[in-house]
>>> print(open('entry_31.txt').read())   # compact mmCIF, N, CA and C atoms
# COMPACT_ATOMS: atom_id res chain seq x y z
N PRO A 1 161.58 84.63 101.73
CA PRO A 1 160.94 85.84 101.25
C PRO A 1 160.75 85.87 99.73
N THR A 2 161.47 85.05 98.96
CA THR A 2 161.29 85.09 97.52
C THR A 2 160.00 84.41 97.09
N CYS A 3 159.27 83.80 98.02
CA CYS A 3 157.99 83.18 97.68
C CYS A 3 156.86 84.20 97.68
N TYR A 4 157.14 85.40 98.12
CA TYR A 4 156.12 86.43 98.21
C TYR A 4 156.09 87.27 96.96
N PHE A 5 154.91 87.64 96.54
CA PHE A 5 154.75 88.55 95.42
C PHE A 5 153.82 89.66 95.87
N GLN A 6 154.36 90.81 96.08
CA GLN A 6 153.60 91.98 96.53
C GLN A 6 152.70 91.64 97.72
N GLY A 7 153.28 90.96 98.71
CA GLY A 7 152.57 90.68 99.94
C GLY A 7 151.73 89.42 99.94
N THR A 8 151.69 88.70 98.83
CA THR A 8 150.89 87.49 98.75
C THR A 8 151.80 86.29 98.65
N LEU A 9 151.58 85.32 99.51
CA LEU A 9 152.36 84.09 99.49
C LEU A 9 151.76 83.13 98.48
N ILE A 10 152.61 82.60 97.63
CA ILE A 10 152.16 81.60 96.67
C ILE A 10 152.67 80.26 97.15
N PHE A 11 151.76 79.40 97.53
CA PHE A 11 152.14 78.13 98.13
C PHE A 11 151.16 77.05 97.70
N ALA A 12 151.66 75.85 97.52
CA ALA A 12 150.81 74.71 97.23
C ALA A 12 151.35 73.52 98.00
N ARG A 13 150.49 72.60 98.31
CA ARG A 13 150.94 71.40 99.01
C ARG A 13 151.85 70.59 98.09
N PRO A 14 153.03 70.25 98.56
CA PRO A 14 153.93 69.45 97.72
C PRO A 14 153.42 68.03 97.58
N ARG A 15 153.70 67.43 96.45
CA ARG A 15 153.33 66.03 96.26
C ARG A 15 154.23 65.12 97.07
N ILE A 16 155.45 65.59 97.27
CA ILE A 16 156.42 64.85 98.07
C ILE A 16 156.88 65.76 99.19
N VAL A 17 156.80 65.30 100.42
CA VAL A 17 157.25 66.12 101.54
C VAL A 17 158.76 65.97 101.65
N ARG A 18 159.43 67.11 101.63
CA ARG A 18 160.89 67.11 101.71
C ARG A 18 161.31 67.49 103.11
N PRO A 19 162.46 66.99 103.55
CA PRO A 19 162.92 67.28 104.91
C PRO A 19 163.13 68.77 105.18
N GLU A 20 163.47 69.54 104.13
CA GLU A 20 163.72 70.96 104.36
C GLU A 20 162.45 71.77 104.52
N GLY A 21 161.28 71.15 104.38
CA GLY A 21 160.02 71.83 104.62
C GLY A 21 159.37 72.29 103.34
N PRO A 22 158.29 73.07 103.49
CA PRO A 22 157.55 73.52 102.31
C PRO A 22 158.38 74.48 101.47
N SER A 23 158.04 74.55 100.21
CA SER A 23 158.77 75.45 99.32
C SER A 23 157.78 76.21 98.44
N CYS A 24 158.32 77.10 97.65
CA CYS A 24 157.50 77.89 96.75
C CYS A 24 157.06 77.06 95.55
N VAL A 25 156.02 77.53 94.89
CA VAL A 25 155.55 76.88 93.69
C VAL A 25 156.23 77.54 92.50
N VAL A 26 156.96 76.77 91.74
CA VAL A 26 157.61 77.28 90.54
C VAL A 26 156.60 77.17 89.40
N THR A 27 156.38 78.29 88.73
CA THR A 27 155.45 78.31 87.60
C THR A 27 156.17 78.88 86.38
N THR A 28 155.48 78.87 85.27
CA THR A 28 156.03 79.47 84.05
C THR A 28 155.53 80.90 83.87
N ASP A 29 154.90 81.44 84.89
CA ASP A 29 154.41 82.82 84.86
C ASP A 29 155.44 83.72 85.52
N ALA A 30 156.00 84.62 84.76
CA ALA A 30 157.06 85.51 85.27
C ALA A 30 156.58 86.42 86.39
N LEU A 31 155.28 86.63 86.49
CA LEU A 31 154.75 87.50 87.55
C LEU A 31 154.63 86.80 88.90
N THR A 32 154.61 85.47 88.89
CA THR A 32 154.36 84.76 90.15
C THR A 32 155.42 83.74 90.53
N THR A 33 156.24 83.31 89.61
CA THR A 33 157.24 82.30 89.96
C THR A 33 158.24 82.88 90.96
N PRO A 34 158.77 82.08 91.85
CA PRO A 34 159.70 82.61 92.84
C PRO A 34 160.97 83.18 92.20
N LEU A 35 161.54 84.15 92.86
CA LEU A 35 162.77 84.80 92.38
C LEU A 35 163.98 83.99 92.82
N THR A 36 164.02 82.77 92.35
CA THR A 36 165.09 81.82 92.66
C THR A 36 165.65 81.30 91.35
N ASP A 37 166.71 80.52 91.43
CA ASP A 37 167.25 79.94 90.21
C ASP A 37 166.24 79.01 89.56
N GLU A 38 165.47 78.28 90.37
CA GLU A 38 164.45 77.39 89.81
C GLU A 38 163.39 78.19 89.05
N GLY A 39 162.95 79.29 89.64
CA GLY A 39 161.98 80.15 88.96
C GLY A 39 162.55 80.74 87.69
N TYR A 40 163.81 81.17 87.77
CA TYR A 40 164.48 81.75 86.60
C TYR A 40 164.58 80.73 85.47
N GLN A 41 164.96 79.50 85.81
CA GLN A 41 165.07 78.45 84.79
C GLN A 41 163.72 78.18 84.14
N ALA A 42 162.65 78.20 84.93
CA ALA A 42 161.31 77.97 84.38
C ALA A 42 160.94 79.05 83.37
N ILE A 43 161.44 80.25 83.58
CA ILE A 43 161.13 81.35 82.67
C ILE A 43 162.01 81.31 81.43
N ILE A 44 163.32 81.18 81.59
CA ILE A 44 164.18 81.29 80.41
C ILE A 44 164.06 80.09 79.47
N THR A 45 163.62 78.95 79.98
CA THR A 45 163.46 77.79 79.09
C THR A 45 162.31 77.98 78.11
N GLN A 46 161.43 78.94 78.38
CA GLN A 46 160.33 79.24 77.45
C GLN A 46 160.82 80.01 76.23
N GLN A 47 162.00 80.60 76.34
CA GLN A 47 162.58 81.42 75.27
C GLN A 47 161.61 82.50 74.81
N ASP A 48 161.02 83.18 75.80
CA ASP A 48 160.08 84.27 75.56
C ASP A 48 160.68 85.53 76.18
N ALA A 49 161.18 86.43 75.34
CA ALA A 49 161.87 87.62 75.84
C ALA A 49 160.97 88.49 76.72
N GLU A 50 159.69 88.54 76.42
CA GLU A 50 158.78 89.37 77.22
C GLU A 50 158.63 88.80 78.63
N GLN A 51 158.44 87.49 78.75
CA GLN A 51 158.35 86.84 80.07
C GLN A 51 159.67 87.00 80.82
N THR A 52 160.77 86.85 80.11
CA THR A 52 162.09 86.99 80.73
C THR A 52 162.29 88.40 81.24
N ALA A 53 161.90 89.40 80.46
CA ALA A 53 162.02 90.80 80.88
C ALA A 53 161.15 91.07 82.11
N THR A 54 159.97 90.50 82.15
CA THR A 54 159.09 90.67 83.31
C THR A 54 159.74 90.10 84.56
N PHE A 55 160.30 88.91 84.44
CA PHE A 55 160.98 88.28 85.58
C PHE A 55 162.16 89.13 86.02
N MET A 56 162.96 89.60 85.06
CA MET A 56 164.13 90.42 85.38
C MET A 56 163.73 91.72 86.06
N ARG A 57 162.64 92.32 85.60
CA ARG A 57 162.15 93.55 86.24
C ARG A 57 161.80 93.28 87.70
N ARG A 58 161.17 92.15 87.98
CA ARG A 58 160.86 91.78 89.36
C ARG A 58 162.12 91.62 90.19
N VAL A 59 163.14 90.99 89.59
CA VAL A 59 164.41 90.81 90.29
C VAL A 59 165.01 92.16 90.64
N VAL A 60 165.02 93.07 89.68
CA VAL A 60 165.57 94.41 89.91
C VAL A 60 164.82 95.10 91.03
N GLU A 61 163.50 95.08 90.98
CA GLU A 61 162.70 95.82 91.95
C GLU A 61 162.64 95.15 93.32
N GLU A 62 162.44 93.84 93.34
CA GLU A 62 162.19 93.14 94.61
C GLU A 62 163.45 92.62 95.29
N ARG A 63 164.38 92.12 94.53
CA ARG A 63 165.60 91.57 95.16
C ARG A 63 166.69 92.61 95.30
N LEU A 64 166.83 93.48 94.32
CA LEU A 64 167.90 94.47 94.36
C LEU A 64 167.44 95.82 94.90
N ASN A 65 166.13 95.98 95.11
CA ASN A 65 165.57 97.25 95.57
C ASN A 65 166.08 98.39 94.68
N ALA A 66 165.95 98.19 93.39
CA ALA A 66 166.48 99.12 92.41
C ALA A 66 165.41 99.46 91.39
N THR A 67 165.77 100.34 90.47
CA THR A 67 164.86 100.70 89.39
C THR A 67 165.59 100.60 88.06
N ILE A 68 164.82 100.46 87.02
CA ILE A 68 165.36 100.41 85.67
C ILE A 68 165.21 101.79 85.06
N VAL A 69 166.33 102.37 84.64
CA VAL A 69 166.29 103.72 84.09
C VAL A 69 166.35 103.72 82.57
N ASP A 70 166.57 102.57 81.96
CA ASP A 70 166.59 102.46 80.51
C ASP A 70 166.06 101.08 80.12
N ALA A 71 164.82 101.05 79.67
CA ALA A 71 164.17 99.77 79.35
C ALA A 71 164.82 99.06 78.18
N SER A 72 165.54 99.78 77.33
CA SER A 72 166.18 99.12 76.19
C SER A 72 167.29 98.17 76.66
N GLY A 73 167.96 98.52 77.74
CA GLY A 73 168.97 97.63 78.31
C GLY A 73 168.35 96.34 78.81
N LEU A 74 167.20 96.47 79.45
CA LEU A 74 166.47 95.29 79.92
C LEU A 74 166.05 94.41 78.75
N ALA A 75 165.54 95.02 77.69
CA ALA A 75 165.10 94.26 76.52
C ALA A 75 166.26 93.49 75.89
N LEU A 76 167.42 94.12 75.81
CA LEU A 76 168.59 93.44 75.23
C LEU A 76 169.01 92.24 76.07
N LEU A 77 169.03 92.42 77.38
CA LEU A 77 169.43 91.32 78.26
C LEU A 77 168.40 90.20 78.21
N ALA A 78 167.12 90.54 78.17
CA ALA A 78 166.06 89.53 78.13
C ALA A 78 166.10 88.72 76.84
N ALA A 79 166.56 89.33 75.77
CA ALA A 79 166.63 88.63 74.49
C ALA A 79 167.74 87.58 74.48
N SER A 80 168.75 87.79 75.32
CA SER A 80 169.86 86.83 75.41
C SER A 80 170.27 86.70 76.88
N PRO A 81 169.43 86.02 77.67
CA PRO A 81 169.66 85.98 79.12
C PRO A 81 170.82 85.07 79.53
N PRO A 82 171.44 85.38 80.66
CA PRO A 82 172.49 84.49 81.19
C PRO A 82 171.86 83.17 81.63
N SER A 83 172.70 82.17 81.82
CA SER A 83 172.19 80.82 82.09
C SER A 83 171.80 80.56 83.53
N SER A 84 172.18 81.44 84.47
CA SER A 84 171.84 81.18 85.88
C SER A 84 171.39 82.46 86.57
N MET A 85 170.68 82.28 87.65
CA MET A 85 170.23 83.41 88.46
C MET A 85 171.43 84.15 89.05
N TYR A 86 172.46 83.42 89.43
CA TYR A 86 173.67 84.03 89.97
C TYR A 86 174.26 84.99 88.95
N ASP A 87 174.41 84.52 87.71
CA ASP A 87 174.96 85.37 86.65
C ASP A 87 174.05 86.56 86.36
N LEU A 88 172.74 86.33 86.40
CA LEU A 88 171.79 87.42 86.18
C LEU A 88 171.97 88.51 87.24
N LEU A 89 172.05 88.11 88.50
CA LEU A 89 172.22 89.09 89.57
C LEU A 89 173.50 89.89 89.41
N ARG A 90 174.59 89.22 89.05
CA ARG A 90 175.87 89.93 88.85
C ARG A 90 175.75 90.93 87.70
N LEU A 91 175.11 90.53 86.61
CA LEU A 91 174.94 91.44 85.47
C LEU A 91 174.06 92.63 85.83
N LEU A 92 172.97 92.37 86.54
CA LEU A 92 172.06 93.45 86.90
C LEU A 92 172.72 94.43 87.87
N GLU A 93 173.50 93.91 88.81
CA GLU A 93 174.17 94.78 89.78
C GLU A 93 175.17 95.72 89.11
N GLY A 94 175.72 95.30 87.97
CA GLY A 94 176.70 96.14 87.29
C GLY A 94 176.15 96.87 86.07
N ALA A 95 174.88 96.67 85.75
CA ALA A 95 174.30 97.28 84.55
C ALA A 95 174.14 98.79 84.72
N SER A 96 174.54 99.53 83.71
CA SER A 96 174.43 100.99 83.77
C SER A 96 172.98 101.45 83.73
N TRP A 97 172.09 100.61 83.25
CA TRP A 97 170.68 100.97 83.14
C TRP A 97 169.86 100.56 84.37
N VAL A 98 170.53 100.03 85.39
CA VAL A 98 169.89 99.70 86.66
C VAL A 98 170.40 100.67 87.71
N CYS A 99 169.48 101.31 88.39
CA CYS A 99 169.85 102.26 89.43
C CYS A 99 169.59 101.60 90.78
N LEU A 100 170.65 101.14 91.41
CA LEU A 100 170.53 100.48 92.71
C LEU A 100 170.10 101.48 93.77
N GLY A 101 169.37 101.01 94.77
CA GLY A 101 168.84 101.87 95.82
C GLY A 101 169.89 102.68 96.55
N ASN A 102 171.14 102.19 96.62
CA ASN A 102 172.17 102.92 97.34
C ASN A 102 172.96 103.87 96.45
N ARG A 103 172.64 103.90 95.15
CA ARG A 103 173.30 104.81 94.22
C ARG A 103 172.46 106.07 94.10
N LEU A 104 172.99 107.17 94.55
CA LEU A 104 172.24 108.40 94.49
C LEU A 104 172.58 109.23 93.26
N ASP A 105 173.49 108.73 92.44
CA ASP A 105 173.89 109.48 91.25
C ASP A 105 173.01 109.17 90.03
N CYS A 106 172.05 108.31 90.18
CA CYS A 106 171.17 107.98 89.07
C CYS A 106 170.19 109.12 88.83
N MET A 107 170.02 109.45 87.60
CA MET A 107 169.06 110.48 87.24
C MET A 107 167.78 109.79 86.80
N ALA A 108 166.96 109.44 87.75
CA ALA A 108 165.72 108.75 87.46
C ALA A 108 164.70 109.73 86.92
N ASP A 109 163.90 109.27 85.98
CA ASP A 109 162.84 110.08 85.39
C ASP A 109 161.62 109.98 86.30
N PRO A 110 161.15 111.09 86.89
CA PRO A 110 160.04 111.02 87.83
C PRO A 110 158.72 110.57 87.20
N SER A 111 158.63 110.64 85.89
CA SER A 111 157.38 110.22 85.24
C SER A 111 157.36 108.72 84.94
N THR A 112 158.53 108.06 85.05
CA THR A 112 158.57 106.63 84.76
C THR A 112 159.19 105.78 85.86
N VAL A 113 159.86 106.40 86.82
CA VAL A 113 160.52 105.64 87.88
C VAL A 113 159.46 104.84 88.65
N ASN A 114 159.85 103.69 89.15
CA ASN A 114 158.92 102.83 89.89
C ASN A 114 158.36 103.57 91.10
N LEU A 115 157.09 103.35 91.36
CA LEU A 115 156.44 103.96 92.52
C LEU A 115 156.70 103.09 93.75
N THR A 116 157.96 103.06 94.14
CA THR A 116 158.42 102.27 95.28
C THR A 116 159.28 103.15 96.17
N GLU A 117 159.69 102.62 97.29
CA GLU A 117 160.59 103.35 98.18
C GLU A 117 161.89 103.69 97.46
N ALA A 118 162.41 102.73 96.68
CA ALA A 118 163.65 102.98 95.94
C ALA A 118 163.47 104.11 94.94
N GLY A 119 162.35 104.10 94.23
CA GLY A 119 162.07 105.17 93.27
C GLY A 119 161.96 106.51 93.96
N PHE A 120 161.27 106.54 95.09
CA PHE A 120 161.14 107.78 95.87
C PHE A 120 162.51 108.30 96.30
N GLN A 121 163.36 107.41 96.80
CA GLN A 121 164.69 107.82 97.25
C GLN A 121 165.52 108.38 96.10
N GLN A 122 165.38 107.81 94.92
CA GLN A 122 166.14 108.30 93.78
C GLN A 122 165.68 109.70 93.37
N ILE A 123 164.39 109.95 93.40
CA ILE A 123 163.88 111.29 93.08
C ILE A 123 164.28 112.26 94.17
N LEU A 124 164.17 111.85 95.42
CA LEU A 124 164.56 112.69 96.55
C LEU A 124 166.02 113.10 96.46
N ALA A 125 166.88 112.19 96.05
CA ALA A 125 168.31 112.47 95.95
C ALA A 125 168.63 113.52 94.89
N GLN A 126 167.72 113.74 93.96
CA GLN A 126 167.96 114.73 92.92
C GLN A 126 167.75 116.16 93.41
N SER A 127 167.16 116.31 94.62
CA SER A 127 166.95 117.61 95.25
C SER A 127 166.27 118.61 94.33
N SER A 128 165.24 118.15 93.67
CA SER A 128 164.50 119.02 92.76
C SER A 128 163.02 118.98 93.13
N ALA A 129 162.48 120.14 93.49
CA ALA A 129 161.07 120.22 93.87
C ALA A 129 160.17 119.86 92.70
N SER A 130 160.53 120.28 91.50
CA SER A 130 159.69 119.98 90.34
C SER A 130 159.70 118.48 90.01
N GLN A 131 160.88 117.84 90.16
CA GLN A 131 160.97 116.40 89.94
C GLN A 131 160.12 115.65 90.96
N MET A 132 160.18 116.08 92.22
CA MET A 132 159.40 115.44 93.27
C MET A 132 157.91 115.64 93.03
N ALA A 133 157.52 116.83 92.60
CA ALA A 133 156.12 117.11 92.32
C ALA A 133 155.59 116.19 91.22
N THR A 134 156.39 115.98 90.20
CA THR A 134 155.99 115.07 89.11
C THR A 134 155.81 113.65 89.62
N PHE A 135 156.76 113.21 90.46
CA PHE A 135 156.69 111.87 91.02
C PHE A 135 155.45 111.72 91.91
N VAL A 136 155.21 112.67 92.78
CA VAL A 136 154.10 112.59 93.73
C VAL A 136 152.75 112.64 92.99
N ALA A 137 152.69 113.38 91.92
CA ALA A 137 151.43 113.50 91.17
C ALA A 137 151.01 112.17 90.56
N ARG A 138 151.95 111.28 90.34
CA ARG A 138 151.62 109.98 89.76
C ARG A 138 150.91 109.11 90.79
>>> encode(input="entry_31.txt", output="structure tokens")
Amino acid sequence: PTCYFQGTLIFARPRIVRPEGPSCVVTTDALTTPLTDEGYQAIITQQDAEQTATFMRRVVEERLNATIVDASGLALLAASPPSSMYDLLRLLEGASWVCLGNRLDCMADPSTVNLTEAGFQQILAQSSASQMATFVAR
């Protein structure tokens, strides 16, 4: 499933057929590279904080089903990223600026929260009609 990006499979014929079967195409584009350690390495080796932040945002939204409630935390982490995807996931799961889908205590901003199921659930958990109206209007 990490080969999918918003419902689109990114696949190319491998130059060498491996016994484990086809795999995802690793690129240097943070929007399309797979959310794997290989994809992560392709991004962080560029030493581009913006690309790294984009990749991390995808990890938060797609792998953790979470939202970012403070972009400054993301920017700080992207400027000095951990060396592996495993370490990244552990840091993101414990980051105070990441609101995991199962945490209902996050005060997500309805004008900036991701327009995803996780974002909807976070606004719903706040039990505020005005907050929900702001979210729905977007």
>>> closest_residue(input="entry_31.txt", among="A:Thr116, A:Ala42, A:Leu64, A:Val26", to="Cys99 of chain A", atoms="only N, CA and C atoms")
A:Leu64
>>> residues_around(input="entry_31.txt", residues="Val69 of chain A", least_positions_apart="5", cutoff="6.5 Å", atoms="all atoms listed in the file", output="ChimeraX atom specification")
/A:97-99,108-109
>>> write_last_selection(input="entry_31.txt", atoms="N, CA and C atoms", output="mmCIF file, keeping the file's coordinate frame")
data_model
loop_
_atom_site.group_PDB
_atom_site.id
_atom_site.type_symbol
_atom_site.label_atom_id
_atom_site.label_comp_id
_atom_site.auth_asym_id
_atom_site.auth_seq_id
_atom_site.Cartn_x
_atom_site.Cartn_y
_atom_site.Cartn_z
ATOM 1 N N TRP A 97 172.090 100.610 83.250
ATOM 2 C CA TRP A 97 170.680 100.970 83.140
ATOM 3 C C TRP A 97 169.860 100.560 84.370
ATOM 4 N N VAL A 98 170.530 100.030 85.390
ATOM 5 C CA VAL A 98 169.890 99.700 86.660
ATOM 6 C C VAL A 98 170.400 100.670 87.710
ATOM 7 N N CYS A 99 169.480 101.310 88.390
ATOM 8 C CA CYS A 99 169.850 102.260 89.430
ATOM 9 C C CYS A 99 169.590 101.600 90.780
ATOM 10 N N ALA A 108 166.960 109.440 87.750
ATOM 11 C CA ALA A 108 165.720 108.750 87.460
ATOM 12 C C ALA A 108 164.700 109.730 86.920
ATOM 13 N N ASP A 109 163.900 109.270 85.980
ATOM 14 C CA ASP A 109 162.840 110.080 85.390
ATOM 15 C C ASP A 109 161.620 109.980 86.300
#
>>> atom_distance(input="entry_31.txt", atom1="atom CA of Asp37 of chain A", atom2="atom CA of Ser84 of chain A")
6.4 Å
>>> atom_distance(input="entry_31.txt", atom1="atom N of Phe135 of chain A", atom2="atom CA of Pro110 of chain A")
4.7 Å
>>> atom_distance(input="entry_31.txt", atom1="atom N of Ala125 of chain A", atom2="atom C of Leu100 of chain A")
11.4 Å
>>> closest_residue(input="entry_31.txt", among="A:Leu124, A:Thr36, A:Thr28, A:Ala49", to="Ser80 of chain A", atoms="all atoms listed in the file")
A:Ala49
>>> residues_around(input="entry_31.txt", residues="Ala30 of chain A", least_positions_apart="3", cutoff="6 Å", atoms="all atoms listed in the file", output="PyMOL selection string")
chain A and resi 27+33+51+54-55
>>> closest_residue(input="entry_31.txt", among="A:Met85, A:Ala79, A:Leu91, A:Ala66", to="Gln122 of chain A", atoms="only C-alpha atoms")
A:Ala66
>>> select_by_dssp(input="entry_31.txt", residues="segment 38-122 of chain A", states="strand (DSSP E or B)", output="PDB file with N, CA and C atoms, in the frame of the given file")
ATOM      1  N   ALA A  66     165.950  98.190  93.390  1.00  0.00           N
ATOM      2  CA  ALA A  66     166.480  99.120  92.410  1.00  0.00           C
ATOM      3  C   ALA A  66     165.410  99.460  91.390  1.00  0.00           C
ATOM      4  N   THR A  67     165.770 100.340  90.470  1.00  0.00           N
ATOM      5  CA  THR A  67     164.860 100.700  89.390  1.00  0.00           C
ATOM      6  C   THR A  67     165.590 100.600  88.060  1.00  0.00           C
ATOM      7  N   ILE A  68     164.820 100.460  87.020  1.00  0.00           N
ATOM      8  CA  ILE A  68     165.360 100.410  85.670  1.00  0.00           C
ATOM      9  C   ILE A  68     165.210 101.790  85.060  1.00  0.00           C
ATOM     10  N   VAL A  98     170.530 100.030  85.390  1.00  0.00           N
ATOM     11  CA  VAL A  98     169.890  99.700  86.660  1.00  0.00           C
ATOM     12  C   VAL A  98     170.400 100.670  87.710  1.00  0.00           C
ATOM     13  N   CYS A  99     169.480 101.310  88.390  1.00  0.00           N
ATOM     14  CA  CYS A  99     169.850 102.260  89.430  1.00  0.00           C
ATOM     15  C   CYS A  99     169.590 101.600  90.780  1.00  0.00           C
ATOM     16  N   LEU A 100     170.650 101.140  91.410  1.00  0.00           N
ATOM     17  CA  LEU A 100     170.530 100.480  92.710  1.00  0.00           C
ATOM     18  C   LEU A 100     170.100 101.480  93.770  1.00  0.00           C
TER      19      LEU A 100
END
>>> axis_aligned_box(input="entry_31.txt", around="segment 71-89 of chain A", padding_each_side="4 Å", output="AutoDock Vina command-line options")
--center_x 169.6 --center_y 90.8 --center_z 82.2 --size_x 18.8 --size_y 28.5 --size_z 23.5
>>> closest_residue(input="entry_31.txt", among="A:Ile44, A:Ala137, A:Ile68, A:Leu92", to="Asn114 of chain A", atoms="only N, CA and C atoms")
A:Ile68
>>> closest_residue(input="entry_31.txt", among="A:Ser111, A:Met56, A:Pro34, A:Glu62", to="Gln131 of chain A", atoms="all atoms listed in the file")
A:Ser111
>>> closest_residue(input="entry_31.txt", among="A:Ser83, A:Ser72, A:Asn65, A:Gln126", to="Tyr40 of chain A", atoms="only C-alpha atoms")
A:Ser83
>>> select_by_dssp(input="entry_31.txt", residues="segment 48-86 of chain A", states="alpha helix (DSSP H)", output="PyMOL selection string")
chain A and resi 49-58+71-79+85-86
>>> write_last_selection(input="entry_31.txt", atoms="N, CA and C atoms", output="mmCIF file, keeping the file's coordinate frame")
data_model
loop_
_atom_site.group_PDB
_atom_site.id
_atom_site.type_symbol
_atom_site.label_atom_id
_atom_site.label_comp_id
_atom_site.auth_asym_id
_atom_site.auth_seq_id
_atom_site.Cartn_x
_atom_site.Cartn_y
_atom_site.Cartn_z
ATOM 1 N N ALA A 49 161.180 86.430 75.340
ATOM 2 C CA ALA A 49 161.870 87.620 75.840
ATOM 3 C C ALA A 49 160.970 88.490 76.720
ATOM 4 N N GLU A 50 159.690 88.540 76.420
ATOM 5 C CA GLU A 50 158.780 89.370 77.220
ATOM 6 C C GLU A 50 158.630 88.800 78.630
ATOM 7 N N GLN A 51 158.440 87.490 78.750
ATOM 8 C CA GLN A 51 158.350 86.840 80.070
ATOM 9 C C GLN A 51 159.670 87.000 80.820
ATOM 10 N N THR A 52 160.770 86.850 80.110
ATOM 11 C CA THR A 52 162.090 86.990 80.730
ATOM 12 C C THR A 52 162.290 88.400 81.240
ATOM 13 N N ALA A 53 161.900 89.400 80.460
ATOM 14 C CA ALA A 53 162.020 90.800 80.880
ATOM 15 C C ALA A 53 161.150 91.070 82.110
ATOM 16 N N THR A 54 159.970 90.500 82.150
ATOM 17 C CA THR A 54 159.090 90.670 83.310
ATOM 18 C C THR A 54 159.740 90.100 84.560
ATOM 19 N N PHE A 55 160.300 88.910 84.440
ATOM 20 C CA PHE A 55 160.980 88.280 85.580
ATOM 21 C C PHE A 55 162.160 89.130 86.020
ATOM 22 N N MET A 56 162.960 89.600 85.060
ATOM 23 C CA MET A 56 164.130 90.420 85.380
ATOM 24 C C MET A 56 163.730 91.720 86.060
ATOM 25 N N ARG A 57 162.640 92.320 85.600
ATOM 26 C CA ARG A 57 162.150 93.550 86.240
ATOM 27 C C ARG A 57 161.800 93.280 87.700
ATOM 28 N N ARG A 58 161.170 92.150 87.980
ATOM 29 C CA ARG A 58 160.860 91.780 89.360
ATOM 30 C C ARG A 58 162.120 91.620 90.190
ATOM 31 N N ALA A 71 164.820 101.050 79.670
ATOM 32 C CA ALA A 71 164.170 99.770 79.350
ATOM 33 C C ALA A 71 164.820 99.060 78.180
ATOM 34 N N SER A 72 165.540 99.780 77.330
ATOM 35 C CA SER A 72 166.180 99.120 76.190
ATOM 36 C C SER A 72 167.290 98.170 76.660
ATOM 37 N N GLY A 73 167.960 98.520 77.740
ATOM 38 C CA GLY A 73 168.970 97.630 78.310
ATOM 39 C C GLY A 73 168.350 96.340 78.810
ATOM 40 N N LEU A 74 167.200 96.470 79.450
ATOM 41 C CA LEU A 74 166.470 95.290 79.920
ATOM 42 C C LEU A 74 166.050 94.410 78.750
ATOM 43 N N ALA A 75 165.540 95.020 77.690
ATOM 44 C CA ALA A 75 165.100 94.260 76.520
ATOM 45 C C ALA A 75 166.260 93.490 75.890
ATOM 46 N N LEU A 76 167.420 94.120 75.810
ATOM 47 C CA LEU A 76 168.590 93.440 75.230
ATOM 48 C C LEU A 76 169.010 92.240 76.070
ATOM 49 N N LEU A 77 169.030 92.420 77.380
ATOM 50 C CA LEU A 77 169.430 91.320 78.260
ATOM 51 C C LEU A 77 168.400 90.200 78.210
ATOM 52 N N ALA A 78 167.120 90.540 78.170
ATOM 53 C CA ALA A 78 166.060 89.530 78.130
ATOM 54 C C ALA A 78 166.100 88.720 76.840
ATOM 55 N N ALA A 79 166.560 89.330 75.770
ATOM 56 C CA ALA A 79 166.630 88.630 74.490
ATOM 57 C C ALA A 79 167.740 87.580 74.480
ATOM 58 N N MET A 85 170.680 82.280 87.650
ATOM 59 C CA MET A 85 170.230 83.410 88.460
ATOM 60 C C MET A 85 171.430 84.150 89.050
ATOM 61 N N TYR A 86 172.460 83.420 89.430
ATOM 62 C CA TYR A 86 173.670 84.030 89.970
ATOM 63 C C TYR A 86 174.260 84.990 88.950
#
>>> build_atoms(input="entry_31.txt", residues="segment 107-114 of chain A", atoms="N, CA, C and O atoms", output="PDB file, keeping the file's coordinate frame")
ATOM      1  N   MET A 107     170.020 109.450  87.600  1.00  0.00           N
ATOM      2  CA  MET A 107     169.060 110.480  87.240  1.00  0.00           C
ATOM      3  C   MET A 107     167.780 109.790  86.800  1.00  0.00           C
ATOM      4  O   MET A 107     167.560 109.547  85.619  1.00  0.00           O
ATOM      5  N   ALA A 108     166.960 109.440  87.750  1.00  0.00           N
ATOM      6  CA  ALA A 108     165.720 108.750  87.460  1.00  0.00           C
ATOM      7  C   ALA A 108     164.700 109.730  86.920  1.00  0.00           C
ATOM      8  O   ALA A 108     164.636 110.883  87.339  1.00  0.00           O
ATOM      9  N   ASP A 109     163.900 109.270  85.980  1.00  0.00           N
ATOM     10  CA  ASP A 109     162.840 110.080  85.390  1.00  0.00           C
ATOM     11  C   ASP A 109     161.620 109.980  86.300  1.00  0.00           C
ATOM     12  O   ASP A 109     161.067 108.891  86.465  1.00  0.00           O
ATOM     13  N   PRO A 110     161.150 111.090  86.890  1.00  0.00           N
ATOM     14  CA  PRO A 110     160.040 111.020  87.830  1.00  0.00           C
ATOM     15  C   PRO A 110     158.720 110.570  87.200  1.00  0.00           C
ATOM     16  O   PRO A 110     157.817 110.131  87.899  1.00  0.00           O
ATOM     17  N   SER A 111     158.630 110.640  85.890  1.00  0.00           N
ATOM     18  CA  SER A 111     157.380 110.220  85.240  1.00  0.00           C
ATOM     19  C   SER A 111     157.360 108.720  84.940  1.00  0.00           C
ATOM     20  O   SER A 111     156.311 108.177  84.624  1.00  0.00           O
ATOM     21  N   THR A 112     158.530 108.060  85.050  1.00  0.00           N
ATOM     22  CA  THR A 112     158.570 106.630  84.760  1.00  0.00           C
ATOM     23  C   THR A 112     159.190 105.780  85.860  1.00  0.00           C
ATOM     24  O   THR A 112     159.049 104.565  85.833  1.00  0.00           O
ATOM     25  N   VAL A 113     159.860 106.400  86.820  1.00  0.00           N
ATOM     26  CA  VAL A 113     160.520 105.640  87.880  1.00  0.00           C
ATOM     27  C   VAL A 113     159.460 104.840  88.650  1.00  0.00           C
ATOM     28  O   VAL A 113     158.296 105.252  88.747  1.00  0.00           O
ATOM     29  N   ASN A 114     159.850 103.690  89.150  1.00  0.00           N
ATOM     30  CA  ASN A 114     158.920 102.830  89.890  1.00  0.00           C
ATOM     31  C   ASN A 114     158.360 103.570  91.100  1.00  0.00           C
ATOM     32  O   ASN A 114     159.079 104.287  91.791  1.00  0.00           O
TER      33      ASN A 114
END
